[in-house]
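File shown: data_37.cif. Contents: mmCIF, C-alpha atoms and all ligand atoms.
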```cif
data_upload
loop_
_atom_site.label_atom_id
_atom_site.label_comp_id
_atom_site.auth_asym_id
_atom_site.auth_seq_id
_atom_site.Cartn_x
_atom_site.Cartn_y
_atom_site.Cartn_z
CA MET A 7 14.74 3.77 16.01
CA HIS A 8 16.88 6.65 17.29
CA ILE A 9 16.53 9.72 15.09
CA ILE A 10 19.69 11.63 14.22
CA HIS A 11 18.93 14.63 12.03
CA GLY A 12 21.14 15.92 9.26
CA GLU A 13 23.30 12.84 8.69
CA LYS A 14 22.14 11.77 5.26
CA SER A 15 19.04 12.42 3.24
CA GLY A 16 16.17 9.98 3.10
CA TRP A 17 12.97 10.35 1.11
CA ILE A 18 9.43 9.06 0.69
CA GLU A 19 8.26 7.20 -2.44
CA VAL A 20 4.53 6.44 -2.75
CA ILE A 21 3.13 3.82 -5.14
CA THR A 22 -0.62 4.17 -5.60
CA GLY A 23 -3.58 3.30 -7.86
CA GLY A 24 -6.58 0.97 -7.69
CA MET A 25 -6.62 -2.72 -6.82
CA PHE A 26 -4.70 -4.92 -9.31
CA SER A 27 -2.72 -1.90 -10.59
CA GLY A 28 0.54 -3.59 -9.59
CA LYS A 29 1.35 -1.64 -6.41
CA THR A 30 2.60 -4.67 -4.49
CA GLU A 31 4.56 -5.97 -7.51
CA GLU A 32 6.24 -2.58 -7.87
CA LEU A 33 6.96 -2.39 -4.12
CA ILE A 34 8.53 -5.87 -4.23
CA ARG A 35 10.55 -4.95 -7.35
CA ARG A 36 12.01 -1.84 -5.70
CA LEU A 37 12.78 -3.60 -2.41
CA ARG A 38 14.42 -6.57 -4.18
CA ARG A 39 16.68 -4.19 -6.10
CA ALA A 40 17.66 -2.54 -2.80
CA GLN A 41 18.49 -6.01 -1.41
CA ILE A 42 20.55 -6.78 -4.52
CA GLY A 43 22.42 -3.55 -3.72
CA LYS A 44 23.17 -5.02 -0.27
CA GLN A 45 21.02 -2.49 1.52
CA LYS A 46 19.32 -3.37 4.79
CA VAL A 47 15.58 -3.56 4.07
CA GLN A 48 12.60 -4.00 6.43
CA VAL A 49 9.03 -4.50 5.26
CA PHE A 50 5.83 -3.83 7.21
CA LYS A 51 2.13 -4.40 6.61
CA PRO A 52 -0.97 -3.85 8.75
CA VAL A 53 -2.35 -6.94 10.53
CA ILE A 54 -5.77 -6.22 9.00
CA ASP A 55 -4.55 -7.58 5.67
CA ILE A 56 -4.76 -11.27 6.55
CA ARG A 57 -5.53 -12.39 3.00
CA TYR A 58 -2.41 -14.43 2.44
CA GLY A 59 -1.10 -14.98 5.95
CA LEU A 60 0.72 -12.62 8.21
CA GLU A 61 4.34 -12.90 7.38
CA HIS A 62 4.53 -11.89 3.71
CA VAL A 63 3.64 -9.08 1.37
CA ILE A 64 2.07 -10.93 -1.60
CA SER A 65 0.94 -9.65 -5.00
CA HIS A 66 -2.03 -10.91 -7.01
CA SER A 67 0.53 -12.50 -9.28
CA ALA A 68 1.88 -14.48 -6.27
CA GLN A 69 5.20 -12.67 -5.85
CA LYS A 70 6.09 -12.39 -2.21
CA LEU A 71 8.47 -10.80 0.26
CA THR A 72 8.85 -11.44 3.99
CA SER A 73 7.22 -8.72 6.09
CA GLN A 74 6.44 -7.86 9.71
CA PRO A 75 2.75 -7.35 10.56
CA VAL A 76 2.03 -4.33 12.79
CA GLU A 77 -1.18 -3.14 14.45
CA LYS A 78 -0.37 0.56 14.55
CA ALA A 79 1.84 2.81 12.44
CA SER A 80 3.87 3.85 15.51
CA GLN A 81 5.18 0.26 15.83
CA ILE A 82 7.03 0.74 12.53
CA LEU A 83 9.33 3.29 14.22
CA GLU A 84 9.83 1.01 17.22
CA LEU A 85 10.68 -2.00 15.06
CA THR A 86 12.97 -0.25 12.56
CA HIS A 87 16.58 -1.12 13.32
CA GLN A 88 19.29 1.52 13.58
CA ASP A 89 21.11 0.21 10.47
CA THR A 90 18.02 -0.16 8.23
CA GLN A 91 18.38 1.85 5.01
CA VAL A 92 15.10 1.07 3.26
CA VAL A 93 11.64 0.64 4.83
CA GLY A 94 8.81 -0.80 2.70
CA ILE A 95 5.16 -0.50 3.75
CA ASP A 96 2.27 -2.18 1.90
CA GLU A 97 -1.51 -1.59 2.21
CA ALA A 98 -0.86 1.85 3.71
CA GLN A 99 -4.56 2.78 3.44
CA PHE A 100 -5.27 0.46 6.38
CA PHE A 101 -3.04 2.46 8.75
CA ASP A 102 -4.04 5.35 11.01
CA VAL A 103 -3.09 8.97 10.19
CA SER A 104 0.02 8.73 12.37
CA LEU A 105 1.59 6.87 9.42
CA ILE A 106 2.37 10.27 7.87
CA GLN A 107 4.55 11.35 10.81
CA VAL A 108 6.15 7.91 10.94
CA CYS A 109 7.17 8.20 7.26
CA GLU A 110 8.43 11.77 7.81
CA ASP A 111 10.49 10.71 10.85
CA LEU A 112 12.05 7.80 8.96
CA ALA A 113 12.86 9.92 5.90
CA ASN A 114 14.28 12.69 8.10
CA ALA A 115 16.50 10.09 9.76
CA GLY A 116 17.98 9.18 6.36
CA VAL A 117 15.77 6.19 5.51
CA ARG A 118 14.37 5.58 2.02
CA VAL A 119 10.66 4.91 2.64
CA VAL A 120 8.69 3.08 -0.06
CA VAL A 121 4.94 3.04 0.64
CA ALA A 122 2.23 1.33 -1.42
CA GLY A 123 -1.49 1.87 -0.89
CA LEU A 124 -4.91 2.37 -2.46
CA ASP A 125 -5.69 6.01 -3.27
CA GLN A 126 -9.48 5.46 -3.37
CA ASP A 127 -11.99 3.23 -1.64
CA TYR A 128 -14.61 1.14 -3.49
CA MET A 129 -16.83 4.26 -3.80
CA GLY A 130 -14.04 6.26 -5.42
CA ARG A 131 -13.51 8.41 -2.32
CA PRO A 132 -9.97 9.36 -1.20
CA PHE A 133 -8.78 6.67 1.21
CA GLU A 134 -7.20 8.16 4.36
CA PRO A 135 -4.31 8.47 5.12
CA MET A 136 -3.20 8.21 1.46
CA PRO A 137 -4.13 11.80 0.42
CA GLU A 138 -1.77 13.31 3.03
CA LEU A 139 0.90 10.77 2.23
CA LEU A 140 0.72 11.63 -1.48
CA ALA A 141 1.00 15.32 -0.61
CA ILE A 142 4.16 14.98 1.49
CA ALA A 143 5.85 12.34 -0.70
CA ASP A 144 9.04 13.18 -2.59
CA PHE A 145 8.13 10.80 -5.43
CA VAL A 146 4.73 9.46 -6.50
CA THR A 147 3.94 6.64 -8.94
CA LYS A 148 0.33 6.03 -9.93
CA ASN A 149 -0.38 3.12 -12.24
CA ALA A 150 -3.61 1.86 -13.78
CA ALA A 151 -4.99 -1.67 -13.83
CA VAL A 152 -6.99 -3.04 -16.79
CA CYS A 153 -10.76 -2.47 -16.74
CA MET A 154 -12.46 -5.88 -16.50
CA GLN A 155 -15.48 -4.55 -18.45
CA CYS A 156 -13.93 -2.75 -21.42
CA GLY A 157 -10.14 -3.15 -21.32
CA ASN A 158 -9.34 0.54 -20.85
CA PRO A 159 -6.94 1.74 -18.14
CA ALA A 160 -8.65 1.31 -14.76
CA SER A 161 -8.17 3.74 -11.88
CA LYS A 162 -11.18 2.57 -9.84
CA THR A 163 -11.93 -0.47 -7.71
CA GLN A 164 -15.38 -2.02 -8.18
CA ARG A 165 -16.82 -3.96 -5.26
CA ILE A 166 -18.74 -6.84 -6.84
CA VAL A 167 -20.36 -8.11 -3.62
CA LYS A 168 -23.15 -6.41 -1.66
CA SER A 169 -21.60 -4.70 1.36
CA SER A 170 -21.25 -1.12 2.53
CA LYS A 171 -18.39 -1.69 4.97
CA LEU A 172 -15.34 0.44 4.13
CA VAL A 173 -12.97 -2.45 4.62
CA GLU A 174 -13.97 -5.76 3.06
CA VAL A 175 -10.69 -7.57 2.59
CA GLY A 176 -10.61 -9.80 -0.44
CA ALA A 177 -9.32 -10.19 -3.96
CA GLN A 178 -10.84 -11.26 -7.29
CA ASP A 179 -13.94 -12.69 -5.59
CA GLN A 180 -14.93 -9.32 -4.12
CA TYR A 181 -13.34 -6.64 -6.27
CA GLU A 182 -12.47 -5.92 -9.87
CA ALA A 183 -10.61 -3.14 -11.63
CA ARG A 184 -12.81 -0.71 -13.57
CA CYS A 185 -12.32 2.48 -15.56
CA ARG A 186 -14.19 5.67 -14.67
CA THR A 187 -16.99 4.91 -17.15
CA CYS A 188 -17.58 1.31 -16.05
CA HIS A 189 -17.21 2.00 -12.32
CA ASP A 190 -20.55 1.89 -10.45
CA PRO A 191 -20.00 3.14 -6.88
CA GLN A 192 -23.61 2.44 -5.89
CA PHE A 193 -23.61 -1.19 -7.07
CA SER A 194 -22.65 -2.81 -3.79
CA LYS A 195 -25.50 -0.95 -2.02
CA ALA A 196 -28.18 -1.32 -4.69
CA GLY A 197 -30.83 -4.00 -4.71
CA ILE A 198 -30.57 -5.25 -1.14
P1 LIG B 1 -2.10 -4.30 -6.26
O1 LIG B 1 -1.11 -4.43 -5.15
O2 LIG B 1 -2.07 -2.93 -6.91
O3 LIG B 1 -3.50 -4.69 -5.89
P2 LIG B 1 -0.62 -6.53 -7.39
O4 LIG B 1 0.78 -6.02 -7.53
O5 LIG B 1 -0.91 -7.39 -6.20
O6 LIG B 1 -1.64 -5.28 -7.44
O7 LIG B 1 -1.06 -7.38 -8.67
C1 LIG B 1 -0.84 -6.97 -9.99
C2 LIG B 1 -1.10 -8.18 -10.87
O8 LIG B 1 -2.47 -8.52 -10.81
C3 LIG B 1 -0.85 -7.97 -12.35
O9 LIG B 1 0.49 -8.12 -12.71
C4 LIG B 1 -1.70 -9.10 -12.95
O10 LIG B 1 -0.97 -10.31 -12.93
C5 LIG B 1 -2.83 -9.27 -11.95
N1 LIG B 1 -4.15 -8.75 -12.39
C6 LIG B 1 -5.34 -9.33 -12.11
N2 LIG B 1 -6.36 -8.59 -12.58
C7 LIG B 1 -5.82 -7.50 -13.16
C8 LIG B 1 -6.39 -6.34 -13.83
N3 LIG B 1 -7.69 -6.17 -13.97
N4 LIG B 1 -5.52 -5.40 -14.30
C9 LIG B 1 -4.19 -5.59 -14.16
N5 LIG B 1 -3.61 -6.65 -13.54
C10 LIG B 1 -4.41 -7.60 -13.05
MG MG B 2 -1.28 -4.88 -3.14
ZN ZN B 3 -14.23 0.24 -18.56
#
```
Please lay out the structure from this file as structure tokens.
Amino acid sequence: MHIIHGEKSGWIEVITGGMFSGKTEELIRRLRRAQIGKQKVQVFKPVIDIRYGLEHVISHSAQKLTSQPVEKASQILELTHQDTQVVGIDEAQFFDVSLIQVCEDLANAGVRVVVAGLDQDYMGRPFEPMPELLAIADFVTKNAAVCMQCGNPASKTQRIVKSSKLVEVGAQDQYEARCRTCHDPQFSKAGI
């Protein structure tokens, strides 16, 4: 994409929260509304998220939207067409830190950037590059899931399998939503 400064104003919207908090649903909702408004929309996701195949962004409730898989954040700039008005990015926590500059460049070029990603890993630690992205965003939405233990609002993601890898891609079989009280960051390490 060729950057022309000062033409029209873009901005960065970030949708965050734990797993199952509805980030992908909300991303899809916003992008569909943009499409209804006849805006040119492109959607990207990292190739690492191979859960449901490569060519769609899919929510846990099975809503889906066509997307382009990319290996590195810089490819998003290369693949964004000159006339694209809205860029959606899902699973932002799996991108490298250059995603921040990519989002800034797009927004500065007049693009509305809607980014969804996990704010914390399974241990409850900030998940790079989301902290920086949240800091530079123009708008931030953070929603809770439902705690699978007690029913309270859940801001944490519990890994329910034994593994200490940072990235263990999976859904209900490997993770569940938990509140602060029910979240046990050490669980996946303990007892092995
Ligand atoms: P995210 O992208 O944040 O992981 P999704 O948008 O893919 O979330 O999925 C949200 C949907 O997941 C909800 O609408 C609901 O149907 C389902 N779901 C499954 N478990 C939970 C839970 N513990 N809390 C809330 N929603 C859940
Ligand atoms: Mg999601
Ligand atoms: Zn709980």
Worksheet item: Expressed in Å to a single decimal, how great is the separation between atom C3 of ligand LIG 1 (chain B) and atom CA of A:Arg165?
Response: 17.9 Å
Fill in: A:Val53 environment, 9 Å, only C-alpha atoms, sequence neighbours closer than 6 positions dropped, as a ChimeraX atom specification
/A:60,74-78,100
Item to complete: Please check which protein, DNA or RNA residues sit within 8 Å of ligand LIG 1 (chain B), counting only C-alpha atoms and all ligand atoms, and write them as number ranges by chain.
Response: A: 22-33, 64-68, 97, 122-124, 150-154, 160, 178, 182-184
Item to complete: Select, from A:Cys156, A:Val49, A:Ile18, A:Val167, the residue with the minimum atom-to-atom distance to ligand ZN 3 (chain B), counting only C-alpha atoms and all ligand atoms.
Response: A:Cys156
Practice prompt. Give me, please, the distance in Å between atom CA of A:Lys171 and atom CA of A:Val103, quoted to one decimal.
Written response: 19.4 Å
Item to complete: Excluding A:Pro191 and residues on its chain fewer than 5 positions from it, collect all residues at most 12 Å away from it, counting all atoms listed in the file, and give them as a list in words.
Response: Gln126, Asp127, Tyr128, Met129, Gly130, Arg131, Lys162, Thr163, Gln164, Arg165, Ile166, Val167, Lys168, Ser169, Ser170, Tyr181, Arg184, Cys185, Arg186 and Ala196 of chain A
Would you save the residues from that selection as a compact mmCIF listing (two decimals), in the frame of the given file, using C-alpha atoms?
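Once everything was written out, this is again13.txt:
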```txt
# COMPACT_ATOMS: atom_id res chain seq x y z
CA GLN A 126 -9.48 5.46 -3.37
CA ASP A 127 -11.99 3.23 -1.64
CA TYR A 128 -14.61 1.14 -3.49
CA MET A 129 -16.83 4.26 -3.80
CA GLY A 130 -14.04 6.26 -5.42
CA ARG A 131 -13.51 8.41 -2.32
CA LYS A 162 -11.18 2.57 -9.84
CA THR A 163 -11.93 -0.47 -7.71
CA GLN A 164 -15.38 -2.02 -8.18
CA ARG A 165 -16.82 -3.96 -5.26
CA ILE A 166 -18.74 -6.84 -6.84
CA VAL A 167 -20.36 -8.11 -3.62
CA LYS A 168 -23.15 -6.41 -1.66
CA SER A 169 -21.60 -4.70 1.36
CA SER A 170 -21.25 -1.12 2.53
CA TYR A 181 -13.34 -6.64 -6.27
CA ARG A 184 -12.81 -0.71 -13.57
CA CYS A 185 -12.32 2.48 -15.56
CA ARG A 186 -14.19 5.67 -14.67
CA ALA A 196 -28.18 -1.32 -4.69
```
Around all the atoms of stretch 146-156 of chain A listed in the file, draw an axis-aligned box and extend it by 8 Å on each of the six sides; I want its centre and edge lengths in Å to one decimal, as JSON.
```
{"center_x": -5.4, "center_y": 1.8, "center_z": -14.0, "size_x": 36.2, "size_y": 31.3, "size_z": 30.9}
```
Item to complete: Mind giving me the straight-line distance from atom CA of A:Leu85 to atom CA of A:Val119 in Å, one decimal?
Response: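 The value is 14.2 Å.
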Worksheet item: Of the candidates A:Gln107, A:Ser15, A:Ser194, A:Thr72, which one gets nearest to A:Ile34 if we count only C-alpha atoms?
Response: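 With only C-alpha atoms as the atom set, the closest residue is A:Thr72.
Shell of A:Trp17 at 8 Å, with all atoms listed in the file counted and residues fewer than 3 places along the chain excluded, is Ala113, Asn114, Gly116, Val117, Arg118, Val119, Ala143 and Asp144 of chain A.
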Fill in: For ligand ZN 3 (chain B), the nearest of the candidates A:Gly16, A:Gln180, A:Pro159, A:Lys195, counting all atoms listed in the file
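Comparing A:Gly16, A:Gln180, A:Pro159, A:Lys195 against ligand ZN 3 (chain B), the winner is A:Pro159.
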Worksheet entry | Residue neighbourhood A:Gln99, 12 Å, all atoms listed in the file, exclusion window fewer than 6 positions, as a PyMOL selection string | chain A and resi 20-25+51-52+54-55+79+105-106+121-127+132-140+172-173
Store the residues picked out above, limited to C-alpha atoms, as a CSV table (one decimal), in the coordinates of the input.
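File part_8.csv, as written:
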```csv
chain,number,residue,atom,x,y,z
A,20,VAL,CA,4.5,6.4,-2.8
A,21,ILE,CA,3.1,3.8,-5.1
A,22,THR,CA,-0.6,4.2,-5.6
A,23,GLY,CA,-3.6,3.3,-7.9
A,24,GLY,CA,-6.6,1.0,-7.7
A,25,MET,CA,-6.6,-2.7,-6.8
A,51,LYS,CA,2.1,-4.4,6.6
A,52,PRO,CA,-1.0,-3.8,8.8
A,54,ILE,CA,-5.8,-6.2,9.0
A,55,ASP,CA,-4.6,-7.6,5.7
A,79,ALA,CA,1.8,2.8,12.4
A,105,LEU,CA,1.6,6.9,9.4
A,106,ILE,CA,2.4,10.3,7.9
A,121,VAL,CA,4.9,3.0,0.6
A,122,ALA,CA,2.2,1.3,-1.4
A,123,GLY,CA,-1.5,1.9,-0.9
A,124,LEU,CA,-4.9,2.4,-2.5
A,125,ASP,CA,-5.7,6.0,-3.3
A,126,GLN,CA,-9.5,5.5,-3.4
A,127,ASP,CA,-12.0,3.2,-1.6
A,132,PRO,CA,-10.0,9.4,-1.2
A,133,PHE,CA,-8.8,6.7,1.2
A,134,GLU,CA,-7.2,8.2,4.4
A,135,PRO,CA,-4.3,8.5,5.1
A,136,MET,CA,-3.2,8.2,1.5
A,137,PRO,CA,-4.1,11.8,0.4
A,138,GLU,CA,-1.8,13.3,3.0
A,139,LEU,CA,0.9,10.8,2.2
A,140,LEU,CA,0.7,11.6,-1.5
A,172,LEU,CA,-15.3,0.4,4.1
A,173,VAL,CA,-13.0,-2.4,4.6
```
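Distances from A:Glu61, A:Ala98, A:Asp190, A:Gly157 to ligand ZN 3 (chain B) were compared using all atoms listed in the file, and the smallest one belongs to A:Gly157.
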Worksheet entry | From A:Val108, A:Ala115, A:Val120, A:Val146, residue lying nearest A:Arg38 [all atoms listed in the file] |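 When distances to A:Arg38 are compared using all atoms listed in the file, the smallest one comes from A:Val120.
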Fill in: Pick from A:Gly94, A:Glu19, A:Leu83, A:Asn158 nearest to A:Ile142, counting all atoms listed in the file
A:Glu19
